[in-house]
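Asker: Coordinates in my_file.cif, mmCIF, C-alpha atoms, are listed below.
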data_model
#
loop_
_atom_site.label_atom_id
_atom_site.label_comp_id
_atom_site.auth_asym_id
_atom_site.auth_seq_id
_atom_site.Cartn_x
_atom_site.Cartn_y
_atom_site.Cartn_z
CA MET U 30 -57.99 77.33 95.81
CA ASP U 31 -59.18 74.55 98.11
CA PHE U 32 -56.79 71.76 99.13
CA SER U 33 -57.65 68.34 100.48
CA SER U 34 -54.27 68.15 102.19
CA LYS U 35 -52.42 70.67 104.31
CA LEU U 36 -49.12 69.14 103.18
CA LEU U 37 -50.13 69.67 99.56
CA GLU U 38 -51.16 73.26 100.31
CA ASN U 39 -47.82 73.99 102.00
CA ALA U 40 -45.85 72.51 99.09
CA VAL U 41 -47.85 74.54 96.55
CA TYR U 42 -47.36 77.72 98.58
CA GLU U 43 -43.57 77.25 98.77
CA MET U 44 -43.36 76.40 95.05
CA SER U 45 -45.39 79.49 94.16
CA GLN U 46 -42.78 81.70 95.86
CA LEU U 47 -40.43 81.05 92.94
CA PRO U 48 -40.33 83.85 90.33
CA GLY U 49 -42.75 83.34 87.46
CA ILE U 50 -44.60 80.50 89.21
CA GLY U 51 -48.27 81.10 89.98
CA LYS U 52 -50.51 78.97 92.20
CA ARG U 53 -51.86 76.87 89.32
CA THR U 54 -48.40 76.17 87.89
CA ALA U 55 -47.13 75.38 91.38
CA LEU U 56 -49.96 72.90 91.88
CA ARG U 57 -49.20 71.22 88.56
CA LEU U 58 -45.50 70.90 89.47
CA VAL U 59 -46.21 69.53 92.94
CA LEU U 60 -48.69 66.96 91.60
CA HIS U 61 -46.11 65.95 88.99
CA LEU U 62 -43.52 65.39 91.72
CA LEU U 63 -45.99 63.25 93.65
CA LYS U 64 -46.27 60.91 90.67
CA GLN U 65 -42.51 60.46 90.32
CA PRO U 66 -40.46 57.70 92.01
CA ASN U 67 -39.16 58.60 95.46
CA GLU U 68 -35.59 58.48 94.15
CA GLN U 69 -36.20 61.31 91.69
CA THR U 70 -37.76 63.55 94.30
CA GLU U 71 -34.91 62.79 96.68
CA ARG U 72 -32.33 63.68 94.01
CA LEU U 73 -34.07 67.01 93.40
CA SER U 74 -34.23 67.73 97.12
CA LYS U 75 -30.55 66.80 97.57
CA ALA U 76 -29.47 68.93 94.60
CA LEU U 77 -31.28 71.97 95.99
CA GLU U 78 -29.87 71.38 99.48
CA MET U 79 -26.33 71.06 98.12
CA LEU U 80 -26.80 74.18 96.00
CA ARG U 81 -27.93 76.21 99.00
CA THR U 82 -25.32 74.97 101.47
CA THR U 83 -22.24 74.24 99.35
CA VAL U 84 -22.18 76.66 96.42
CA LYS U 85 -19.53 79.38 96.60
CA PHE U 86 -18.94 82.74 94.98
CA CYS U 87 -15.68 83.24 93.10
CA SER U 88 -13.26 85.22 95.25
CA SER U 89 -12.23 87.28 92.23
CA CYS U 90 -15.28 87.92 90.01
CA HIS U 91 -18.15 86.91 92.36
CA ASN U 92 -19.58 84.44 89.86
CA ILE U 93 -21.16 81.28 91.28
CA SER U 94 -18.59 78.52 91.58
CA ASP U 95 -17.98 75.13 93.16
CA ILE U 96 -14.47 76.20 94.22
CA GLU U 97 -12.70 79.32 95.51
CA LEU U 98 -11.74 80.58 92.03
CA CYS U 99 -14.24 79.96 89.22
CA GLU U 100 -13.23 78.12 86.04
CA ILE U 101 -13.28 81.33 83.98
CA CYS U 102 -10.93 83.24 86.29
CA ALA U 103 -8.66 80.20 86.65
CA ASN U 104 -8.38 79.69 82.88
CA PRO U 105 -4.89 80.89 81.76
CA LYS U 106 -6.20 81.37 78.21
CA ARG U 107 -8.54 84.18 79.27
CA ASP U 108 -7.36 87.78 78.80
CA GLU U 109 -7.19 89.23 82.32
CA SER U 110 -6.59 92.75 80.96
CA ILE U 111 -10.22 93.00 79.77
CA VAL U 112 -13.02 92.76 82.32
CA CYS U 113 -16.72 92.72 81.46
CA VAL U 114 -18.90 94.20 84.21
CA VAL U 115 -22.31 92.52 84.48
CA GLU U 116 -25.27 92.58 86.83
CA ASP U 117 -25.58 88.89 87.71
CA ILE U 118 -24.53 85.36 86.75
CA ARG U 119 -27.27 85.05 84.11
CA ASP U 120 -25.48 87.75 82.15
CA VAL U 121 -22.20 85.83 82.37
CA MET U 122 -23.96 82.77 80.95
CA ALA U 123 -25.57 84.82 78.18
CA ILE U 124 -22.26 86.38 77.08
CA GLU U 125 -20.36 83.09 77.36
CA ASN U 126 -22.92 81.47 75.06
CA THR U 127 -21.99 83.94 72.32
CA GLY U 128 -18.40 82.62 72.24
CA GLN U 129 -17.23 86.16 71.39
CA PHE U 130 -15.66 87.26 74.68
CA LYS U 131 -12.33 85.93 75.91
CA GLY U 132 -11.70 88.22 78.88
CA LEU U 133 -12.80 87.99 82.51
CA TYR U 134 -15.96 89.13 84.28
CA HIS U 135 -17.00 91.04 87.36
CA VAL U 136 -20.47 90.32 88.75
CA LEU U 137 -21.92 93.30 90.61
CA GLY U 138 -24.84 91.44 92.14
CA GLY U 139 -27.38 94.06 91.01
CA LYS U 140 -27.71 97.68 89.93
CA ILE U 141 -27.84 100.93 91.88
CA SER U 142 -31.52 101.61 92.48
CA PRO U 143 -32.49 104.15 95.18
CA MET U 144 -36.16 103.27 94.66
CA GLU U 145 -35.42 99.69 95.73
CA GLY U 146 -32.97 100.71 98.45
CA VAL U 147 -29.92 99.40 96.57
CA GLY U 148 -26.85 101.61 96.90
CA PRO U 149 -23.22 101.24 95.76
CA GLN U 150 -22.36 99.68 99.12
CA ASP U 151 -24.76 96.81 98.41
CA LEU U 152 -22.89 95.80 95.26
CA THR U 153 -19.36 94.52 94.61
CA ILE U 154 -18.18 97.88 93.24
CA ARG U 155 -15.52 98.33 95.91
CA SER U 156 -13.75 95.09 94.99
CA LEU U 157 -13.95 96.05 91.30
CA VAL U 158 -12.25 99.38 91.97
CA SER U 159 -9.63 97.61 94.08
CA LYS U 160 -8.84 95.25 91.20
CA ALA U 161 -8.65 98.19 88.83
CA LYS U 162 -6.08 99.89 91.05
CA GLU U 163 -3.82 96.83 90.89
CA GLY U 164 -2.94 97.83 87.32
CA LYS U 165 -3.66 94.58 85.47
CA ILE U 166 -6.91 95.74 83.90
CA LYS U 167 -6.58 97.73 80.66
CA GLU U 168 -10.26 97.90 79.68
CA LEU U 169 -13.59 97.66 81.49
CA ILE U 170 -16.64 96.81 79.41
CA PHE U 171 -19.92 97.94 80.93
CA ALA U 172 -22.49 95.28 79.99
CA LEU U 173 -25.42 96.25 82.18
CA SER U 174 -28.95 96.47 80.83
CA SER U 175 -29.97 99.64 79.02
CA THR U 176 -32.12 101.02 81.83
CA MET U 177 -31.89 104.11 84.03
CA GLU U 178 -30.52 101.96 86.86
CA GLY U 179 -27.98 100.35 84.55
CA ASP U 180 -26.79 103.70 83.19
CA THR U 181 -26.60 105.12 86.72
CA THR U 182 -24.45 102.20 87.84
CA ASN U 183 -22.18 102.52 84.80
CA PHE U 184 -21.65 106.23 85.46
CA TYR U 185 -20.97 105.71 89.18
CA ILE U 186 -18.26 103.13 88.44
CA TYR U 187 -16.84 105.35 85.68
CA LYS U 188 -16.43 108.20 88.18
CA GLN U 189 -14.73 105.87 90.67
CA LEU U 190 -12.11 105.04 88.04
CA GLU U 191 -11.09 108.62 87.31
CA GLY U 192 -7.33 109.03 87.27
CA LEU U 193 -6.65 105.36 86.46
CA ALA U 194 -5.11 104.31 83.15
CA ILE U 195 -8.10 102.19 82.18
CA SER U 196 -10.25 102.58 79.09
CA THR U 197 -13.98 102.11 79.57
CA SER U 198 -16.44 100.96 76.94
CA THR U 199 -20.07 99.92 76.80
CA ILE U 200 -21.75 97.30 74.67
CA ALA U 201 -23.22 98.64 71.44
CA ARG U 202 -26.91 99.43 71.58
CA GLY U 203 -27.88 96.46 69.47
CA ILE U 204 -29.68 95.61 72.69
CA ALA U 205 -32.93 97.56 72.81
CA VAL U 206 -33.22 100.19 75.54
CA GLY U 207 -34.79 98.64 78.62
CA ASP U 208 -33.92 95.05 77.60
CA GLU U 209 -32.15 92.61 79.92
CA LEU U 210 -29.05 90.84 78.55
CA GLU U 211 -30.26 87.36 79.38
CA TYR U 212 -33.16 87.71 76.92
CA ALA U 213 -31.06 88.91 73.98
CA ASP U 214 -30.30 86.44 71.21
CA GLU U 215 -26.71 85.24 71.03
CA VAL U 216 -25.90 86.85 67.67
CA THR U 217 -27.11 90.31 68.76
CA LEU U 218 -25.36 90.07 72.11
CA GLY U 219 -22.14 88.81 70.53
CA ARG U 220 -22.09 91.70 68.07
CA SER U 221 -22.79 94.15 70.88
CA ILE U 222 -19.67 92.93 72.68
CA LEU U 223 -17.49 93.05 69.56
CA ASN U 224 -18.80 96.47 68.48
CA ARG U 225 -18.53 98.07 71.91
CA ILE U 226 -18.03 101.83 72.01
CA PRO U 227 -16.07 104.10 74.38
CA PHE U 228 -18.14 104.85 77.47
CA GLU U 229 -17.51 108.59 77.15
CA GLY U 230 -19.07 108.42 73.70
CA SER U 231 -22.20 106.86 75.11
CA LEU U 232 -22.48 109.73 77.61
CA LYS U 233 -22.41 112.27 74.78
CA ALA U 234 -25.02 110.27 72.89
CA ASN U 235 -27.36 110.55 75.84
#
Now that the file is in, can you turn its structure into structure tokens?
Answerer:
Amino acid sequence: MDFSSKLLENAVYEMSQLPGIGKRTALRLVLHLLKQPNEQTERLSKALEMLRTTVKFCSSCHNISDIELCEICANPKRDESIVCVVEDIRDVMAIENTGQFKGLYHVLGGKISPMEGVGPQDLTIRSLVSKAKEGKIKELIFALSSTMEGDTTNFYIYKQLEGLAISTSTIARGIAVGDELEYADEVTLGRSILNRIPFEGSLKAN
């Protein structure tokens, strides 16, 4: 792809680094921005800068937040005895959109994947186990994707909780094996939360 401007080429290159954005799409987006009023481009630039420099992670669940404790964790109407364990914030958004879950969340920040060099120490598993030992949690719902990495992560956490008076469950397999939660429709995901099964039962099924 030939560019008449080095500045245009640099902008297209940076835009194409975003997931799912190829060179042609990046070029179309950059040219679109060039046609917009300066104020709109400045607002976009400011929003991205503020996101990168100001955004926080909830001190309790590790969800993205504007303040120390996210709105979900700070909501007194949520049931703190039930915690849904998810991979990332997109899963929190997906489950919240179902309107079926009234507990709290714990965002791991990924899944155990030796092939990608991701171990338990790279996730927020330690803080999850620490919260579990405090005694307030009665049930953990494993809501990771139905992949080998997701199942491995579920089992690792399950073993870390041995000896604690906490029940563990996993979302029902209304979600197809290998699917990511964020792509599931709200009805299917909502039913998977409501019809969750004991985690030990899912081990026997496998």
Asker: Measuring atom to atom with all atoms listed in the file, identify which of U:Leu173, U:Met79, U:Val84, U:Ile195 is nearest to Val121 (chain U).
Answerer: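 Of U:Leu173, U:Met79, U:Val84, U:Ile195, the one nearest Val121 (chain U), counting all atoms listed in the file, is U:Leu173.
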Asker: Using only C-alpha atoms, find the one residue out of U:Thr199, U:Gln69, U:Thr54, U:Gln46 that sits nearest to Ala172 (chain U).
Answerer: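 Result for the nearest residue to Ala172 (chain U): U:Thr199.
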Asker: May I have the residues within 10 Å of region 128-138 of chain U as number ranges by chain, using all atoms listed in the file and disregarding those fewer than 5 positions away in the same chain?
Answerer: U: 86-87, 89-93, 101-104, 106-121, 123, 149, 151-157, 160, 166, 168-173, 182, 215-216, 218-223
Asker: When you draw a straight line from CA of Tyr42 (chain U) to CA of Arg57 (chain U), how long is it in Å?
Answerer: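 Separation of CA of Tyr42 (chain U) and CA of Arg57 (chain U): 12.1 Å.
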Asker: Between U:Met177, U:Leu193, U:Leu98, U:Leu60, which has the minimum distance to Lys85 (chain U) (counting all atoms listed in the file)?
Answerer: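 Closest residue, counting all atoms listed in the file: U:Leu98.
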Asker: If I put a ball of radius 10 Å at (-22.8, 105.1, 91.3) in the file's coordinates, which residues poke into it when counting all atoms listed in the file, written as an MDAnalysis selection string?
Answerer: chainID U and resid 140:142 148:150 154 178:189
Asker: Write to file, as a short mmCIF file (atom, residue, chain, number, x, y, z; two decimals), in the coordinates of the input, the residues of the selection just made, with C-alpha atoms.
Answerer:
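And here is the file that came out, selection_10.cif:
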data_model
loop_
_atom_site.label_atom_id
_atom_site.label_comp_id
_atom_site.auth_asym_id
_atom_site.auth_seq_id
_atom_site.Cartn_x
_atom_site.Cartn_y
_atom_site.Cartn_z
CA LYS U 140 -27.71 97.68 89.93
CA ILE U 141 -27.84 100.93 91.88
CA SER U 142 -31.52 101.61 92.48
CA GLY U 148 -26.85 101.61 96.90
CA PRO U 149 -23.22 101.24 95.76
CA GLN U 150 -22.36 99.68 99.12
CA ILE U 154 -18.18 97.88 93.24
CA GLU U 178 -30.52 101.96 86.86
CA GLY U 179 -27.98 100.35 84.55
CA ASP U 180 -26.79 103.70 83.19
CA THR U 181 -26.60 105.12 86.72
CA THR U 182 -24.45 102.20 87.84
CA ASN U 183 -22.18 102.52 84.80
CA PHE U 184 -21.65 106.23 85.46
CA TYR U 185 -20.97 105.71 89.18
CA ILE U 186 -18.26 103.13 88.44
CA TYR U 187 -16.84 105.35 85.68
CA LYS U 188 -16.43 108.20 88.18
CA GLN U 189 -14.73 105.87 90.67
#
Asker: When the PyMOL selection byres ((chain U and resi 59) around 12) is applied to the file above, which residues end up in the set, as number ranges by chain?
Answerer: U: 36-45, 50, 52-58, 60-65, 70
Asker: How about saving the chosen residues, C-alpha atoms kept, as a PDB file, keeping the file's coordinate frame?
Answerer:
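Dumped everything to result.pdb:
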ATOM      1  CA  LEU U  36     -49.120  69.140 103.180  1.00  0.00           C
ATOM      2  CA  LEU U  37     -50.130  69.670  99.560  1.00  0.00           C
ATOM      3  CA  GLU U  38     -51.160  73.260 100.310  1.00  0.00           C
ATOM      4  CA  ASN U  39     -47.820  73.990 102.000  1.00  0.00           C
ATOM      5  CA  ALA U  40     -45.850  72.510  99.090  1.00  0.00           C
ATOM      6  CA  VAL U  41     -47.850  74.540  96.550  1.00  0.00           C
ATOM      7  CA  TYR U  42     -47.360  77.720  98.580  1.00  0.00           C
ATOM      8  CA  GLU U  43     -43.570  77.250  98.770  1.00  0.00           C
ATOM      9  CA  MET U  44     -43.360  76.400  95.050  1.00  0.00           C
ATOM     10  CA  SER U  45     -45.390  79.490  94.160  1.00  0.00           C
ATOM     11  CA  ILE U  50     -44.600  80.500  89.210  1.00  0.00           C
ATOM     12  CA  LYS U  52     -50.510  78.970  92.200  1.00  0.00           C
ATOM     13  CA  ARG U  53     -51.860  76.870  89.320  1.00  0.00           C
ATOM     14  CA  THR U  54     -48.400  76.170  87.890  1.00  0.00           C
ATOM     15  CA  ALA U  55     -47.130  75.380  91.380  1.00  0.00           C
ATOM     16  CA  LEU U  56     -49.960  72.900  91.880  1.00  0.00           C
ATOM     17  CA  ARG U  57     -49.200  71.220  88.560  1.00  0.00           C
ATOM     18  CA  LEU U  58     -45.500  70.900  89.470  1.00  0.00           C
ATOM     19  CA  LEU U  60     -48.690  66.960  91.600  1.00  0.00           C
ATOM     20  CA  HIS U  61     -46.110  65.950  88.990  1.00  0.00           C
ATOM     21  CA  LEU U  62     -43.520  65.390  91.720  1.00  0.00           C
ATOM     22  CA  LEU U  63     -45.990  63.250  93.650  1.00  0.00           C
ATOM     23  CA  LYS U  64     -46.270  60.910  90.670  1.00  0.00           C
ATOM     24  CA  GLN U  65     -42.510  60.460  90.320  1.00  0.00           C
ATOM     25  CA  THR U  70     -37.760  63.550  94.300  1.00  0.00           C
TER      26      THR U  70
END
Asker: At what distance in Å, to one decimal, does CA of Ser94 (chain U) lie from CA of Ile200 (chain U)?
Answerer: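 These atoms are spaced 25.5 Å apart.
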Asker: Could you work out how far CA of Pro227 (chain U) lies from CA of Thr197 (chain U), giving the answer in Å with one decimal?
Answerer: 5.9 Å
Asker: Listed atoms of region 90-108 of chain U, axis-aligned box, 5 Å per side: centre and edge lengths to one decimal in Å, as AutoDock Vina command-line options?
Answerer:
--center_x -13.0 --center_y 81.5 --center_z 86.9 --size_x 26.3 --size_y 22.8 --size_z 27.3
Asker: Hey, what's within 9 Å of Leu190 (chain U) if we count all atoms listed in the file and toss same-chain stuff fewer than 6 positions away? As a list in words, please?
Answerer: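 The residues that qualify are Val158, Ala161 and Lys162 of chain U.
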